[in-house]
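This is coords.csv. It holds CSV, C-alpha atoms and all ligand atoms.
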```
chain,number,residue,atom,x,y,z
U,23,MET,CA,147.7,4.7,50.2
U,24,GLU,CA,145.6,3.3,47.3
U,25,LYS,CA,143.3,5.6,45.4
U,26,PRO,CA,139.6,5.0,46.0
U,27,THR,CA,137.9,3.5,42.9
U,28,THR,CA,134.2,3.6,43.8
U,29,ILE,CA,131.9,6.3,45.0
U,30,GLU,CA,131.4,4.4,48.2
U,31,SER,CA,135.2,4.1,48.8
U,32,ILE,CA,135.6,7.8,48.1
U,33,ILE,CA,132.9,8.7,50.6
U,34,ALA,CA,134.4,6.3,53.2
U,35,ALA,CA,137.8,7.8,52.8
U,36,HIS,CA,136.5,11.3,53.7
U,37,ARG,CA,133.5,10.8,55.8
U,38,ASP,CA,135.2,11.7,59.1
U,39,GLN,CA,137.0,14.8,57.8
U,40,PRO,CA,135.6,18.2,58.5
U,41,GLY,CA,134.5,19.8,55.2
U,42,ALA,CA,134.5,16.5,53.4
U,43,LEU,CA,131.9,17.5,50.8
U,44,LEU,CA,134.2,19.3,48.4
U,45,PRO,CA,137.0,16.6,48.4
U,46,VAL,CA,134.3,13.9,47.9
U,47,LEU,CA,132.8,15.8,44.9
U,48,HIS,CA,136.2,16.4,43.4
U,49,GLU,CA,137.2,12.8,43.7
U,50,ILE,CA,133.9,11.5,42.3
U,51,GLN,CA,134.2,13.8,39.3
U,52,HIS,CA,137.8,12.9,38.8
U,53,LEU,CA,136.8,9.2,38.9
U,54,LEU,CA,133.7,9.3,36.7
U,55,GLY,CA,133.9,12.7,34.9
U,56,TYR,CA,130.8,14.0,36.6
U,57,ILE,CA,128.7,13.7,39.8
U,58,PRO,CA,126.0,11.0,39.1
U,59,PRO,CA,122.6,12.1,40.5
U,60,ASP,CA,122.3,8.8,42.4
U,61,SER,CA,125.5,9.5,44.3
U,62,VAL,CA,123.9,12.5,46.0
U,63,PRO,CA,121.7,10.5,48.5
U,64,LEU,CA,124.8,8.3,49.4
U,65,ILE,CA,126.9,11.5,50.1
U,66,ALA,CA,124.0,13.1,52.0
U,67,LYS,CA,123.6,10.1,54.3
U,68,ALA,CA,127.3,9.6,55.0
U,69,LEU,CA,128.1,13.3,55.6
U,70,ALA,CA,124.8,14.1,57.4
U,71,LEU,CA,123.9,16.8,54.9
U,72,SER,CA,120.6,17.4,53.1
U,73,ARG,CA,120.4,16.5,49.4
U,74,ALA,CA,119.5,20.2,48.8
U,75,GLU,CA,122.8,21.3,50.4
U,76,ILE,CA,124.7,19.0,48.1
U,77,HIS,CA,122.8,20.1,45.0
U,78,GLY,CA,123.5,23.7,46.0
U,79,VAL,CA,127.2,23.1,46.1
U,80,ILE,CA,127.2,21.1,42.8
U,81,SER,CA,125.3,23.8,41.0
U,82,TYR,CA,127.2,26.7,42.6
U,83,TYR,CA,130.6,25.6,41.2
U,84,ALA,CA,130.8,25.6,37.4
U,85,HIS,CA,133.5,23.0,37.7
U,86,PHE,CA,131.1,20.2,38.7
U,87,ARG,CA,129.3,18.4,36.0
U,88,GLN,CA,125.9,16.7,36.5
U,89,THR,CA,126.0,14.8,33.2
U,90,PRO,CA,128.9,12.8,31.6
U,91,PRO,CA,131.2,14.9,29.5
U,92,GLY,CA,132.1,14.3,25.9
U,93,ARG,CA,135.3,12.5,24.8
U,94,HIS,CA,137.2,15.8,25.4
U,95,VAL,CA,136.5,18.9,27.4
U,96,VAL,CA,137.4,22.4,26.2
U,97,ARG,CA,137.0,25.3,28.7
U,98,VAL,CA,136.9,28.8,27.4
U,99,CYS,CA,137.7,31.6,29.9
U,100,CYS,CA,134.8,33.8,30.6
U,101,ALA,CA,136.5,36.1,33.2
U,102,GLU,CA,136.9,39.8,32.7
U,103,ALA,CA,140.4,40.1,31.3
U,104,CYS,CA,139.7,37.5,28.6
U,105,GLN,CA,136.2,39.0,27.9
U,106,ALA,CA,138.0,42.3,27.2
U,107,VAL,CA,140.0,40.9,24.4
U,108,GLY,CA,137.5,38.8,22.5
U,109,GLY,CA,136.6,36.0,25.0
U,110,GLU,CA,132.9,36.5,24.6
U,111,ALA,CA,133.0,36.2,20.8
U,112,LEU,CA,135.3,33.2,21.1
U,113,ALA,CA,132.8,31.5,23.5
U,114,GLU,CA,130.0,32.2,21.1
U,115,HIS,CA,132.1,30.8,18.2
U,116,ALA,CA,132.9,27.7,20.4
U,117,ARG,CA,129.2,27.1,21.2
U,118,SER,CA,128.4,27.1,17.5
U,119,ARG,CA,131.4,25.0,16.5
U,120,LEU,CA,130.8,22.4,19.2
U,121,THR,CA,127.1,21.9,18.6
U,122,GLY,CA,126.7,18.2,17.9
U,123,SER,CA,130.4,17.5,18.7
U,124,ASP,CA,131.6,14.9,21.2
U,125,VAL,CA,133.8,17.7,22.6
U,126,THR,CA,132.2,19.3,25.7
U,127,LEU,CA,132.4,23.1,26.1
U,128,GLU,CA,132.5,24.5,29.6
U,129,PRO,CA,133.0,28.0,30.9
U,130,VAL,CA,135.9,28.7,33.3
U,131,TYR,CA,136.6,31.8,35.3
U,132,CYS,CA,140.3,32.5,34.9
U,133,LEU,CA,143.1,30.2,33.9
U,134,GLY,CA,145.9,32.4,35.0
U,135,LEU,CA,146.8,33.6,31.5
U,136,CYS,CA,145.0,36.9,31.9
U,137,ALA,CA,147.7,38.9,30.1
U,138,CYS,CA,147.4,36.9,26.9
U,139,GLY,CA,143.7,36.0,26.5
U,140,PRO,CA,141.4,34.8,25.3
U,141,SER,CA,142.5,31.6,27.1
U,142,VAL,CA,141.4,28.0,26.6
U,143,GLN,CA,142.0,24.8,28.5
U,144,VAL,CA,141.9,21.4,26.9
U,145,ASN,CA,141.1,18.3,29.0
U,146,GLU,CA,142.3,20.0,32.2
U,147,THR,CA,145.9,19.6,31.1
U,148,THR,CA,146.8,22.0,28.3
U,149,LEU,CA,146.5,25.7,28.2
U,150,HIS,CA,146.3,27.9,25.1
U,151,ALA,CA,146.7,31.6,25.0
U,152,GLN,CA,145.5,34.3,22.5
U,153,VAL,CA,143.1,31.8,21.0
U,154,THR,CA,141.4,33.1,17.9
U,155,PRO,CA,138.3,31.4,16.3
U,156,GLU,CA,140.7,29.9,13.7
U,157,LYS,CA,143.1,28.6,16.4
U,158,PHE,CA,140.1,27.2,18.3
U,159,ASP,CA,138.9,25.3,15.2
U,160,ALA,CA,142.3,23.8,14.7
U,161,LEU,CA,142.5,22.7,18.4
U,162,VAL,CA,139.0,21.1,18.1
U,163,ALA,CA,139.8,19.4,14.8
U,164,ALA,CA,142.9,17.9,16.4
U,165,LEU,CA,140.9,16.6,19.3
U,166,GLU,CA,138.2,15.2,17.1
U,167,ALA,CA,140.8,13.4,14.9
U,168,LYS,CA,142.1,11.6,17.9
U,169,PRO,CA,141.0,7.9,18.1
U,201,LIG,S1,140.8,36.2,32.8
U,201,LIG,FE1,141.0,34.6,31.4
U,201,LIG,S2,142.8,33.7,32.0
U,201,LIG,FE2,142.5,35.2,33.6
```

Is it possible to give me this structure as structure tokens?
Amino acid sequence: MEKPTTIESIIAAHRDQPGALLPVLHEIQHLLGYIPPDSVPLIAKALALSRAEIHGVISYYAHFRQTPPGRHVVRVCCAEACQAVGGEALAEHARSRLTGSDVTLEPVYCLGLCACGPSVQVNETTLHAQVTPEKFDALVAALEAKP
């Protein structure tokens, strides 16, 4: 089966499934990088939900973006095990380092590398363990240098 390539086709592919909202939101974000505000009324109408219900789900899950991301996305783990080994300081460093950058910083709540935090994920594909501020800066510099 061909992958849906528009918001409308994503909604159409799921509209008759029970619990269609999360799959629809995931696929829209996968397609566009975020959930455009003007998609909410379309989803609401097709799934017979209120706009408030959809906004509630989008804002509940840190995973969903409401604005387009930068060229790259870096997620710093803010869950307890990473926080206990410097994750909070790393997140603060990351906020400062990425101000004005086209690399988007997002929190994430556990990447499954709890024993070797602080942990970072780059572009939803690459995991990095025991990330120091220096290691973080090197990761970001490599991303920013990519064409
Ligand atoms: S708590 Fe950070 S990876 Fe699990």

Give me the residues within 8 Å of region 83-97 of chain U as a PDB file with C-alpha atoms, in the coordinates of the input, counting only C-alpha atoms and dropping any in the same chain fewer than 2 places off.
```
ATOM      1  CA  LEU U  47     132.800  15.800  44.900  1.00  0.00           C
ATOM      2  CA  HIS U  48     136.200  16.400  43.400  1.00  0.00           C
ATOM      3  CA  GLN U  51     134.200  13.800  39.300  1.00  0.00           C
ATOM      4  CA  LEU U  54     133.700   9.300  36.700  1.00  0.00           C
ATOM      5  CA  GLY U  55     133.900  12.700  34.900  1.00  0.00           C
ATOM      6  CA  TYR U  56     130.800  14.000  36.600  1.00  0.00           C
ATOM      7  CA  ILE U  57     128.700  13.700  39.800  1.00  0.00           C
ATOM      8  CA  PRO U  58     126.000  11.000  39.100  1.00  0.00           C
ATOM      9  CA  PRO U  59     122.600  12.100  40.500  1.00  0.00           C
ATOM     10  CA  VAL U  79     127.200  23.100  46.100  1.00  0.00           C
ATOM     11  CA  ILE U  80     127.200  21.100  42.800  1.00  0.00           C
ATOM     12  CA  SER U  81     125.300  23.800  41.000  1.00  0.00           C
ATOM     13  CA  CYS U  99     137.700  31.600  29.900  1.00  0.00           C
ATOM     14  CA  ASP U 124     131.600  14.900  21.200  1.00  0.00           C
ATOM     15  CA  VAL U 125     133.800  17.700  22.600  1.00  0.00           C
ATOM     16  CA  THR U 126     132.200  19.300  25.700  1.00  0.00           C
ATOM     17  CA  LEU U 127     132.400  23.100  26.100  1.00  0.00           C
ATOM     18  CA  GLU U 128     132.500  24.500  29.600  1.00  0.00           C
ATOM     19  CA  PRO U 129     133.000  28.000  30.900  1.00  0.00           C
ATOM     20  CA  VAL U 130     135.900  28.700  33.300  1.00  0.00           C
ATOM     21  CA  VAL U 142     141.400  28.000  26.600  1.00  0.00           C
ATOM     22  CA  GLN U 143     142.000  24.800  28.500  1.00  0.00           C
ATOM     23  CA  VAL U 144     141.900  21.400  26.900  1.00  0.00           C
ATOM     24  CA  ASN U 145     141.100  18.300  29.000  1.00  0.00           C
ATOM     25  CA  GLU U 146     142.300  20.000  32.200  1.00  0.00           C
ATOM     26  CA  LEU U 165     140.900  16.600  19.300  1.00  0.00           C
TER      27      LEU U 165
END
```

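Considering all atoms listed in the file, the residue among U:His36, U:Lys67, U:His150, U:His115 positioned nearest to ligand LIG 201 (chain U) is U:His150.
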
**Message:** ligand LIG 201 (chain U): which residues are within 6 Å, counting only C-alpha atoms and all ligand atoms? Reply as a ChimeraX atom specification.
**Reply:** /U:99,101-104,132-136,139,141

Take every atom of region 107-113 of chain U listed in the file, fit an axis-aligned box around them, add 8 Å per side, and give the centre and edge lengths in Å to one decimal as lines of an AutoDock Vina configuration file.
```
center_x = 136.4
center_y = 36.2
center_z = 22.9
size_x = 23.2
size_y = 25.4
size_z = 20.2
```

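What separates CA of Tyr131 (chain U) from CA of Val62 (chain U) is a distance of 25.5 Å.
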
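For the atom pair formed by CA of Gln105 (chain U) and CA of Ala151 (chain U), the distance is 13.2 Å, given to one decimal.
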
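Relative to CA of Glu75 (chain U), CA of Ile50 (chain U) is found at 16.9 Å.
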
**Request:** Kindly indicate which residue among U:Leu112, U:Gly78, U:Ala35, U:Ser123 lies nearest to Thr154 (chain U), using only C-alpha atoms for the distances.
**Result:** U:Leu112

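With all atoms listed in the file as the atoms that count, the residue of U:Glu156, U:Leu69, U:Ala113, U:Leu120 with the shortest distance to Pro40 (chain U) is U:Leu69.
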
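The shortest atom-to-atom distance to Pro140 (chain U), with all atoms listed in the file taken into account, belongs to U:Gly109 out of U:Leu161, U:Lys168, U:Gly109, U:Ser118.
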
Can you give me N, CA and C atoms for region 109-120 of chain U, written as a PDB file, in the frame of the given file?
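Result went into part17.pdb, see below:
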```
ATOM      1  N   GLY U 109     137.019  37.299  24.385  1.00  0.00           N
ATOM      2  CA  GLY U 109     136.600  36.000  25.000  1.00  0.00           C
ATOM      3  C   GLY U 109     135.130  35.713  24.749  1.00  0.00           C
ATOM      4  N   GLU U 110     134.308  36.744  24.777  1.00  0.00           N
ATOM      5  CA  GLU U 110     132.900  36.500  24.600  1.00  0.00           C
ATOM      6  C   GLU U 110     132.590  36.028  23.175  1.00  0.00           C
ATOM      7  N   ALA U 111     133.225  36.666  22.201  1.00  0.00           N
ATOM      8  CA  ALA U 111     133.000  36.200  20.800  1.00  0.00           C
ATOM      9  C   ALA U 111     133.601  34.840  20.607  1.00  0.00           C
ATOM     10  N   LEU U 112     134.705  34.551  21.261  1.00  0.00           N
ATOM     11  CA  LEU U 112     135.300  33.200  21.100  1.00  0.00           C
ATOM     12  C   LEU U 112     134.349  32.163  21.746  1.00  0.00           C
ATOM     13  N   ALA U 113     133.759  32.478  22.903  1.00  0.00           N
ATOM     14  CA  ALA U 113     132.800  31.500  23.500  1.00  0.00           C
ATOM     15  C   ALA U 113     131.620  31.300  22.626  1.00  0.00           C
ATOM     16  N   GLU U 114     131.125  32.337  21.998  1.00  0.00           N
ATOM     17  CA  GLU U 114     130.000  32.200  21.100  1.00  0.00           C
ATOM     18  C   GLU U 114     130.400  31.328  19.873  1.00  0.00           C
ATOM     19  N   HIS U 115     131.577  31.596  19.350  1.00  0.00           N
ATOM     20  CA  HIS U 115     132.100  30.800  18.200  1.00  0.00           C
ATOM     21  C   HIS U 115     132.201  29.312  18.684  1.00  0.00           C
ATOM     22  N   ALA U 116     132.726  29.099  19.888  1.00  0.00           N
ATOM     23  CA  ALA U 116     132.900  27.700  20.400  1.00  0.00           C
ATOM     24  C   ALA U 116     131.583  27.018  20.538  1.00  0.00           C
ATOM     25  N   ARG U 117     130.577  27.717  21.054  1.00  0.00           N
ATOM     26  CA  ARG U 117     129.200  27.100  21.200  1.00  0.00           C
ATOM     27  C   ARG U 117     128.720  26.636  19.835  1.00  0.00           C
ATOM     28  N   SER U 118     128.883  27.486  18.861  1.00  0.00           N
ATOM     29  CA  SER U 118     128.400  27.100  17.500  1.00  0.00           C
ATOM     30  C   SER U 118     129.228  25.996  16.930  1.00  0.00           C
ATOM     31  N   ARG U 119     130.541  26.062  17.075  1.00  0.00           N
ATOM     32  CA  ARG U 119     131.400  25.000  16.500  1.00  0.00           C
ATOM     33  C   ARG U 119     131.195  23.666  17.142  1.00  0.00           C
ATOM     34  N   LEU U 120     130.888  23.645  18.436  1.00  0.00           N
ATOM     35  CA  LEU U 120     130.800  22.400  19.200  1.00  0.00           C
ATOM     36  C   LEU U 120     129.411  21.786  19.224  1.00  0.00           C
TER      37      LEU U 120
END
```
